[in-house]
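**Q** What follows is start34.txt, made up of compact mmCIF, C-alpha atoms and all ligand atoms:
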# COMPACT_ATOMS: atom_id res chain seq x y z
CA MET A 15 28.22 22.35 -132.76
CA THR A 16 30.21 19.86 -130.64
CA ALA A 17 27.89 17.63 -128.66
CA PRO A 18 28.28 18.59 -125.00
CA SER A 19 27.18 16.16 -122.30
CA ALA A 20 24.94 18.88 -120.89
CA GLY A 21 21.92 20.01 -122.84
CA TRP A 22 21.86 23.07 -125.03
CA LEU A 23 19.39 25.45 -126.54
CA VAL A 24 19.72 27.10 -129.95
CA VAL A 25 17.30 29.62 -131.41
CA VAL A 26 17.36 29.51 -135.20
CA GLY A 27 15.83 31.34 -138.13
CA LEU A 28 14.47 29.25 -141.01
CA GLY A 29 14.52 32.12 -143.52
CA PRO A 30 11.53 33.40 -145.49
CA GLY A 31 10.18 30.02 -146.65
CA ASP A 32 12.30 28.42 -149.38
CA ASP A 33 14.35 25.55 -147.90
CA ALA A 34 17.28 26.63 -150.08
CA LEU A 35 17.50 29.73 -147.87
CA VAL A 36 18.05 27.78 -144.63
CA THR A 37 21.71 28.13 -143.65
CA ASP A 38 23.99 25.09 -143.37
CA GLN A 39 24.66 26.08 -139.75
CA VAL A 40 20.92 25.83 -138.96
CA ARG A 41 20.60 22.53 -140.86
CA GLY A 42 23.50 21.16 -138.81
CA VAL A 43 22.01 22.03 -135.44
CA LEU A 44 18.58 20.70 -136.47
CA ALA A 45 20.25 17.37 -137.34
CA GLU A 46 21.62 17.15 -133.77
CA ALA A 47 18.43 18.20 -131.97
CA THR A 48 16.32 15.99 -129.72
CA ASP A 49 13.52 18.58 -129.44
CA VAL A 50 12.21 21.30 -131.76
CA LEU A 51 9.80 23.93 -130.46
CA GLY A 52 8.00 26.74 -132.26
CA TYR A 53 4.87 28.14 -133.81
CA ILE A 54 2.86 25.42 -135.62
CA PRO A 55 3.65 26.38 -139.28
CA TYR A 56 7.36 26.76 -138.57
CA VAL A 57 7.65 23.38 -136.80
CA ALA A 58 5.75 21.89 -139.76
CA ARG A 59 8.81 22.67 -141.89
CA ILE A 60 10.97 20.26 -139.85
CA ALA A 61 11.10 16.67 -141.16
CA PRO A 62 10.23 14.11 -138.45
CA ARG A 63 12.87 11.49 -137.65
CA PRO A 64 13.48 8.92 -134.91
CA GLY A 65 14.83 10.54 -131.73
CA LEU A 66 13.33 13.94 -132.50
CA THR A 67 10.31 15.26 -130.62
CA LEU A 68 8.41 18.10 -132.28
CA HIS A 69 6.57 20.57 -130.02
CA PRO A 70 4.34 22.83 -132.17
CA THR A 71 2.46 25.49 -130.20
CA ASP A 72 0.24 28.48 -130.83
CA ASN A 73 1.78 31.87 -131.59
CA ARG A 74 0.48 33.51 -128.42
CA GLU A 75 2.47 31.19 -126.19
CA GLU A 76 5.97 32.62 -126.67
CA LEU A 77 6.98 32.87 -123.02
CA GLN A 78 5.64 29.42 -122.07
CA ARG A 79 7.45 28.01 -125.12
CA ALA A 80 10.68 29.68 -124.03
CA ASP A 81 10.30 28.38 -120.46
CA HIS A 82 9.61 24.88 -121.74
CA ALA A 83 12.70 25.03 -123.98
CA LEU A 84 14.89 26.20 -121.07
CA ASP A 85 13.58 23.38 -118.86
CA LEU A 86 14.25 20.76 -121.54
CA ALA A 87 17.81 22.03 -122.13
CA GLN A 88 18.48 21.97 -118.39
CA GLN A 89 17.30 18.36 -118.32
CA GLY A 90 20.10 17.58 -120.79
CA ARG A 91 18.10 17.69 -124.06
CA ARG A 92 19.41 19.25 -127.28
CA VAL A 93 16.77 21.84 -128.00
CA VAL A 94 16.09 24.06 -131.03
CA ILE A 95 13.51 26.84 -131.10
CA VAL A 96 12.55 27.69 -134.69
CA SER A 97 11.45 31.11 -135.96
CA SER A 98 10.77 32.21 -139.49
CA GLY A 99 13.23 34.61 -141.08
CA ASP A 100 15.75 35.68 -138.44
CA PRO A 101 15.05 34.73 -134.82
CA GLY A 102 16.12 38.16 -133.56
CA VAL A 103 13.70 40.10 -135.78
CA PHE A 104 10.26 40.33 -134.13
CA ALA A 105 10.62 36.69 -133.10
CA MET A 106 11.60 34.16 -130.45
CA ALA A 107 15.14 35.19 -129.45
CA SER A 108 13.97 38.18 -127.37
CA ALA A 109 11.18 36.12 -125.81
CA LEU A 110 13.76 33.52 -124.82
CA PHE A 111 16.05 36.02 -123.10
CA GLU A 112 13.05 37.53 -121.36
CA ALA A 113 12.25 34.07 -119.99
CA CYS A 114 15.88 33.77 -118.82
CA GLU A 115 15.51 36.74 -116.49
CA GLY A 116 15.05 35.61 -112.92
CA ARG A 117 16.34 32.08 -113.52
CA GLU A 118 19.12 30.95 -111.19
CA SER A 119 21.07 29.14 -113.86
CA LEU A 120 20.97 29.07 -117.64
CA PRO A 121 21.79 26.34 -120.14
CA ASP A 122 24.23 26.90 -123.01
CA ILE A 123 22.29 29.20 -125.37
CA ARG A 124 23.13 30.23 -128.93
CA VAL A 125 21.27 32.29 -131.54
CA MET A 126 21.75 31.39 -135.22
CA PRO A 127 20.76 33.99 -137.80
CA GLY A 128 18.44 33.49 -140.75
CA ILE A 129 17.47 35.57 -143.76
CA THR A 130 14.82 37.97 -142.55
CA ALA A 131 11.77 38.71 -144.73
CA MET A 132 12.85 42.32 -145.25
CA LEU A 133 16.14 41.31 -146.89
CA ALA A 134 14.57 38.56 -148.98
CA ALA A 135 11.91 41.01 -150.20
CA ALA A 136 14.44 43.75 -150.91
CA ALA A 137 16.59 41.36 -152.94
CA ARG A 138 13.59 40.31 -155.06
CA ALA A 139 12.72 43.95 -155.77
CA GLY A 140 16.27 45.15 -156.53
CA ALA A 141 17.93 47.28 -153.85
CA PRO A 142 15.29 49.46 -152.13
CA LEU A 143 17.17 49.33 -148.82
CA GLY A 144 20.47 50.49 -150.31
CA HIS A 145 20.60 53.63 -148.18
CA ASP A 146 19.59 54.20 -144.52
CA PHE A 147 16.44 52.37 -143.49
CA CYS A 148 14.48 51.20 -140.47
CA SER A 149 12.07 48.38 -139.82
CA ILE A 150 8.85 48.67 -137.85
CA ASN A 151 6.51 45.97 -136.62
CA LEU A 152 2.97 47.23 -137.30
CA SER A 153 1.40 44.66 -134.97
CA ASP A 154 -0.13 46.49 -132.04
CA ASN A 155 -0.21 43.36 -129.87
CA LEU A 156 2.88 44.45 -128.00
CA LYS A 157 2.76 48.26 -128.24
CA PRO A 158 0.15 51.01 -128.54
CA ALA A 159 -1.02 52.12 -132.00
CA ALA A 160 -0.01 55.72 -131.18
CA LEU A 161 3.63 54.63 -130.83
CA ILE A 162 3.53 52.93 -134.25
CA GLU A 163 2.19 56.10 -135.87
CA LYS A 164 4.82 58.25 -134.12
CA ARG A 165 7.66 56.02 -135.31
CA VAL A 166 6.37 56.01 -138.89
CA ARG A 167 5.98 59.82 -138.84
CA LEU A 168 9.51 60.38 -137.51
CA ALA A 169 11.00 57.84 -139.93
CA ALA A 170 9.27 59.65 -142.81
CA GLU A 171 10.55 63.02 -141.57
CA ALA A 172 14.09 61.59 -141.36
CA ASP A 173 13.66 60.22 -144.92
CA PHE A 174 14.43 56.63 -143.97
CA ALA A 175 13.29 53.85 -146.25
CA MET A 176 11.06 51.60 -144.12
CA ALA A 177 10.23 47.92 -143.92
CA PHE A 178 6.95 47.02 -142.23
CA TYR A 179 6.45 43.58 -140.68
CA ASN A 180 2.98 42.30 -139.70
CA PRO A 181 1.38 45.12 -141.71
CA ARG A 182 -2.24 44.08 -141.48
CA SER A 183 -3.74 41.66 -139.01
CA ALA A 184 -7.25 40.24 -139.11
CA SER A 185 -7.89 41.53 -135.60
CA ARG A 186 -6.68 45.13 -136.25
CA PRO A 187 -6.96 45.72 -140.01
CA GLU A 188 -7.31 49.50 -139.54
CA THR A 189 -3.70 50.01 -138.35
CA PHE A 190 -2.23 49.86 -141.85
CA GLY A 191 -4.76 52.40 -143.16
CA ARG A 192 -3.69 54.82 -140.46
CA VAL A 193 -0.03 54.23 -141.35
CA LEU A 194 -0.80 55.02 -145.01
CA ALA A 195 -2.49 58.24 -143.87
CA VAL A 196 0.62 59.21 -141.89
CA LEU A 197 2.79 58.52 -144.95
CA ARG A 198 0.47 60.58 -147.17
CA ALA A 199 0.82 63.50 -144.76
CA HIS A 200 4.64 63.41 -144.89
CA CYS A 201 5.71 61.95 -148.25
CA GLU A 202 5.14 62.94 -151.88
CA PRO A 203 2.41 60.98 -153.77
CA SER A 204 5.01 59.46 -156.13
CA ARG A 205 6.81 57.68 -153.27
CA LEU A 206 7.36 54.01 -154.17
CA ILE A 207 5.87 51.25 -152.03
CA ILE A 208 6.57 47.53 -152.52
CA PHE A 209 4.12 44.88 -151.31
CA ALA A 210 6.06 41.61 -151.18
CA ARG A 211 3.91 38.58 -150.36
CA ASN A 212 5.16 35.05 -149.60
CA VAL A 213 8.66 35.91 -150.74
CA SER A 214 10.68 32.86 -151.86
CA LEU A 215 7.59 30.59 -151.88
CA PRO A 216 5.91 29.24 -155.06
CA ASP A 217 3.05 31.78 -154.81
CA GLU A 218 5.37 34.77 -154.25
CA ARG A 219 3.93 38.08 -155.47
CA LEU A 220 5.64 41.46 -155.71
CA LEU A 221 3.64 44.61 -156.38
CA THR A 222 5.22 48.07 -156.65
CA VAL A 223 2.92 51.10 -156.60
CA THR A 224 3.12 54.79 -155.74
CA LEU A 225 1.87 56.05 -152.40
CA ALA A 226 -1.01 57.67 -154.31
CA ASP A 227 -2.12 54.23 -155.57
CA ALA A 228 -1.41 52.23 -152.40
CA ARG A 229 -4.45 50.58 -150.80
CA GLU A 230 -4.85 48.90 -147.42
CA GLU A 231 -6.02 45.66 -149.05
CA MET A 232 -2.66 45.27 -150.81
CA ALA A 233 -1.18 44.02 -147.50
CA ASP A 234 -1.97 41.05 -145.28
CA MET A 235 -0.06 39.08 -142.67
CA ARG A 236 1.95 37.25 -145.33
CA THR A 237 3.16 40.57 -146.79
CA LEU A 238 6.29 42.57 -146.09
CA VAL A 239 5.89 46.23 -147.07
CA ILE A 240 8.85 48.36 -148.13
CA VAL A 241 8.46 52.14 -148.39
CA GLY A 242 11.25 53.78 -150.35
CA ASN A 243 12.95 57.00 -149.33
CA SER A 244 12.51 60.18 -151.38
CA ALA A 245 15.22 59.09 -153.85
CA THR A 246 14.03 55.50 -154.38
CA ARG A 247 13.33 54.93 -158.08
CA ARG A 248 12.67 52.36 -160.78
CA VAL A 249 15.12 51.18 -163.39
CA GLY A 250 13.62 48.64 -165.80
CA PRO A 251 11.66 46.16 -163.67
CA TYR A 252 13.82 46.91 -160.59
CA VAL A 253 13.44 49.31 -157.66
CA TYR A 254 16.54 50.73 -156.01
CA THR A 255 17.64 53.44 -153.63
CA PRO A 256 20.81 55.31 -154.61
CA ARG A 257 23.81 54.99 -152.30
CA ALA A 258 24.11 58.75 -151.79
CA ALA A 259 21.55 60.98 -150.07
CA GLY A 260 20.29 64.29 -151.39
N1 LIG A 301 11.29 36.69 -137.74
C1 LIG A 301 10.61 36.94 -139.00
C2 LIG A 301 9.50 37.94 -138.85
C3 LIG A 301 8.33 37.47 -138.02
S1 LIG A 301 6.99 38.60 -138.03
C4 LIG A 301 11.65 37.42 -140.03
O1 LIG A 301 12.79 37.72 -139.66
O2 LIG A 301 11.32 37.48 -141.22
C5 LIG A 301 5.99 37.93 -139.35
C6 LIG A 301 5.95 38.90 -140.52
O3 LIG A 301 7.12 38.72 -141.31
C7 LIG A 301 4.80 38.71 -141.49
O4 LIG A 301 3.62 39.36 -141.05
C8 LIG A 301 5.35 39.36 -142.76
O5 LIG A 301 5.27 40.78 -142.64
C9 LIG A 301 6.83 38.99 -142.67
N2 LIG A 301 7.16 37.79 -143.45
C10 LIG A 301 7.64 36.61 -142.98
N3 LIG A 301 7.90 35.77 -144.01
C11 LIG A 301 7.56 36.43 -145.14
C12 LIG A 301 7.62 36.10 -146.54
N4 LIG A 301 8.08 34.90 -146.96
N5 LIG A 301 7.20 37.02 -147.42
C13 LIG A 301 6.75 38.23 -147.02
N6 LIG A 301 6.69 38.61 -145.71
C14 LIG A 301 7.09 37.71 -144.79
Write the structure described by the file as structure tokens, please.
Ligand code: SAH

**A**
Amino acid sequence: MTAPSAGWLVVVGLGPGDDALVTDQVRGVLAEATDVLGYIPYVARIAPRPGLTLHPTDNREELQRADHALDLAQQGRRVVIVSSGDPGVFAMASALFEACEGRESLPDIRVMPGITAMLAAAARAGAPLGHDFCSINLSDNLKPAALIEKRVRLAAEADFAMAFYNPRSASRPETFGRVLAVLRAHCEPSRLIIFARNVSLPDERLLTVTLADAREEMADMRTLVIVGNSATRRVGPYVYTPRAAG
């Protein structure tokens, strides 16, 4: 990015965890930043250096973080908001644009993509998202549980493969059990489910089971869950979904 005299604000994705999966574009903008804001564990991935101020904050403070970032950029600072994975997938980019609403003027804003957990997990497993798929955030912080169950039911009826983010939180551990019950009501027991935990990190773990064998405890907040469609199958150690339906 050329260094403008005015400040700027870039929202970036750091990928699923391995530094090798951070894009060169994101590395470049981090090297030019004066301020980095984000959730504590994501900011912890940024190496301190002279001239850079790190602003780690709690996860529940997305809108305040976005407002703070906009203020800093309008004061002429070069500001980066960091998300994990991709910043547009259940992350800070939407929160930022929400904070922009109602402001009289906006700084120069850019969004830089990252490798989202769903794609990193799918690549480790083989190609389970090779046909039509959808992704659903199972956190009920921002929407009612009934809406989550409806979306899972309709996705199962439409025979989409599915990727679940935030599958099982400490505060609402029962949500994922209800989602498994919805799947059991609409999918055959042999349906393949992949539990991908800490993908790309040293303690990465991939577990593929059938719906009949799937258990709530197989997921936690560090897990991305992929549910295959009715044609998803194993070949050797891999799981893939054929390119053609039916
Ligand atoms: N913006 C992020 C998602 C944030 S929501 C992205 O694009 O990936 C946080 C959820 O992402 C976690 O609960 C988990 O479901 C998933 N996740 C993030 N990193 C992961 C990883 N390395 N391995 C498995 N799941 C991960």

**Q** With only C-alpha atoms as the counted atoms, please give the residues lying no more than 9 Å from Gly102 in chain A, apart from itself and same-chain residues fewer than 5 positions off, as JSON, numbers by chain.

**A** {"A": [25, 26, 27, 97, 107, 108, 125, 126, 127, 128]}

**Q** Write the residues you've just listed into a file as an mmCIF file, in the coordinates of the input, and include C-alpha atoms for each of them.

**A**
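Output saved as part05.cif:
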data_model
loop_
_atom_site.group_PDB
_atom_site.id
_atom_site.type_symbol
_atom_site.label_atom_id
_atom_site.label_comp_id
_atom_site.auth_asym_id
_atom_site.auth_seq_id
_atom_site.Cartn_x
_atom_site.Cartn_y
_atom_site.Cartn_z
ATOM 1 C CA VAL A 25 17.300 29.620 -131.410
ATOM 2 C CA VAL A 26 17.360 29.510 -135.200
ATOM 3 C CA GLY A 27 15.830 31.340 -138.130
ATOM 4 C CA SER A 97 11.450 31.110 -135.960
ATOM 5 C CA ALA A 107 15.140 35.190 -129.450
ATOM 6 C CA SER A 108 13.970 38.180 -127.370
ATOM 7 C CA VAL A 125 21.270 32.290 -131.540
ATOM 8 C CA MET A 126 21.750 31.390 -135.220
ATOM 9 C CA PRO A 127 20.760 33.990 -137.800
ATOM 10 C CA GLY A 128 18.440 33.490 -140.750
#

**Q** Produce as a VMD selection string the set of residues near ligand LIG 301 (chain A), where near means within 8 Å with only C-alpha atoms and all ligand atoms considered.

**A** chain A and resid 27 29 to 31 97 to 106 128 to 132 134 to 135 151 178 to 183 210 to 215 218 234 to 239

**Q** Counting all atoms listed in the file, which residues of range 139-200 of chain A sit at most 9 Å from some atom of range 219-230 of chain A, and what is each one's closest atom pair with its distance in Å to one decimal, listed by chain and rising residue number, as CSV?

**A**
residue,atom,partner,partner_atom,distance
A:Ala139,CA,A:Leu220,CA,7.5
A:Arg182,CA,A:Glu230,CA,8.1
A:Pro187,CA,A:Glu230,CA,8.3
A:Glu188,CA,A:Glu230,CA,8.3
A:Phe190,CA,A:Glu230,CA,6.2
A:Gly191,CA,A:Glu230,CA,5.5
A:Leu194,CA,A:Glu230,CA,7.7
A:Leu197,CA,A:Leu225,CA,7.9
A:Arg198,CA,A:Leu225,CA,7.1

**Q** Go ahead and compute the interatomic distance for CA of Ala45 in chain A and CA of Gln88 in chain A, in Å to one decimal.

**A**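 One can read the CA of Ala45 in chain A to CA of Gln88 in chain A distance as 19.6 Å.
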
**Q** Pick out the residues sitting within 8 Å of Ile150 in chain A, and hand them over as number ranges by chain; count all atoms listed in the file, and ignore anything fewer than 5 positions along from it in its own chain.

**A** A: 162, 165-166, 176-179

**Q** Let me make sure I understand: among A:Cys114, A:Leu23, A:Val253, A:Ala169, which one has the smallest atom-to-atom distance to Gly90 in chain A if we use only C-alpha atoms?

**A**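 The shortest atom-to-atom distance to Gly90 in chain A comes from A:Leu23.
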
**Q** Have a look at CA of Gly242 in chain A and CA of Pro142 in chain A and let me know their distance in Å, one decimal.

**A** 6.2 Å

**Q** Need the shell around Asp146 in chain A: protein/DNA/RNA residues with any atom at most 10 Å away, counting all atoms listed in the file. Skip same-chain ones fewer than 4 positions apart. Format as a JSON list (two decimals) with C-alpha atoms, in the coordinates of the input?

**A**
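Below is the file out28.json, written as the result:
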[["chain", "number", "residue", "atom", "x", "y", "z"],
["A", 142, "PRO", "CA", 15.29, 49.46, -152.13],
["A", 172, "ALA", "CA", 14.09, 61.59, -141.36],
["A", 173, "ASP", "CA", 13.66, 60.22, -144.92],
["A", 174, "PHE", "CA", 14.43, 56.63, -143.97],
["A", 175, "ALA", "CA", 13.29, 53.85, -146.25],
["A", 176, "MET", "CA", 11.06, 51.60, -144.12],
["A", 243, "ASN", "CA", 12.95, 57.00, -149.33],
["A", 255, "THR", "CA", 17.64, 53.44, -153.63],
["A", 257, "ARG", "CA", 23.81, 54.99, -152.30],
["A", 258, "ALA", "CA", 24.11, 58.75, -151.79],
["A", 259, "ALA", "CA", 21.55, 60.98, -150.07]]

**Q** Every residue with an atom at most 10 Å from (15.2, 17.3, -127.9) (file coordinates; all atoms listed in the file) is what I'm after, so could you write them as a PyMOL selection string?

**A** chain A and resi 21-23+44+46-51+65-69+83+86-87+89-94

**Q** Tell me, in Å to one decimal, how far CA of Ile54 in chain A is from CA of Asp72 in chain A.

**A** 6.3 Å

**Q** Between A:Tyr56, A:Tyr254, A:Ile123, A:Ala20, which one has atoms that come closest to Asp33 in chain A, using all atoms listed in the file?

**A**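 Once distances to Asp33 in chain A are computed over all atoms listed in the file, the minimum belongs to A:Tyr56.
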
**Q** Taking all atoms listed in the file into account, name the residue in A:Glu118, A:Glu171, A:Glu231, A:Glu112 that is nearest to Glu202 in chain A.

**A**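 Smallest distance to Glu202 in chain A is found for A:Glu171.
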
**Q** Do a neighbour search on Phe111 in chain A at 10 Å with all atoms listed in the file, toss out local chain neighbours closer than 6 positions, and write the hits as an MDAnalysis selection string.

**A** chainID A and resid 77 80:81 123

**Q** Can I get the selected residues back with C-alpha atoms, as a PDB file, in the frame of the given file?

**A**
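Now in out37.pdb:
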ATOM      1  CA  LEU A  77       6.980  32.870-123.020  1.00  0.00           C
ATOM      2  CA  ALA A  80      10.680  29.680-124.030  1.00  0.00           C
ATOM      3  CA  ASP A  81      10.300  28.380-120.460  1.00  0.00           C
ATOM      4  CA  ILE A 123      22.290  29.200-125.370  1.00  0.00           C
TER       5      ILE A 123
END

**Q** Using all atoms listed in the file, which of the listed residues (A:Arg124, A:Arg192, A:Arg41, A:His145) sits closest to Ser244 in chain A?

**A** A:His145
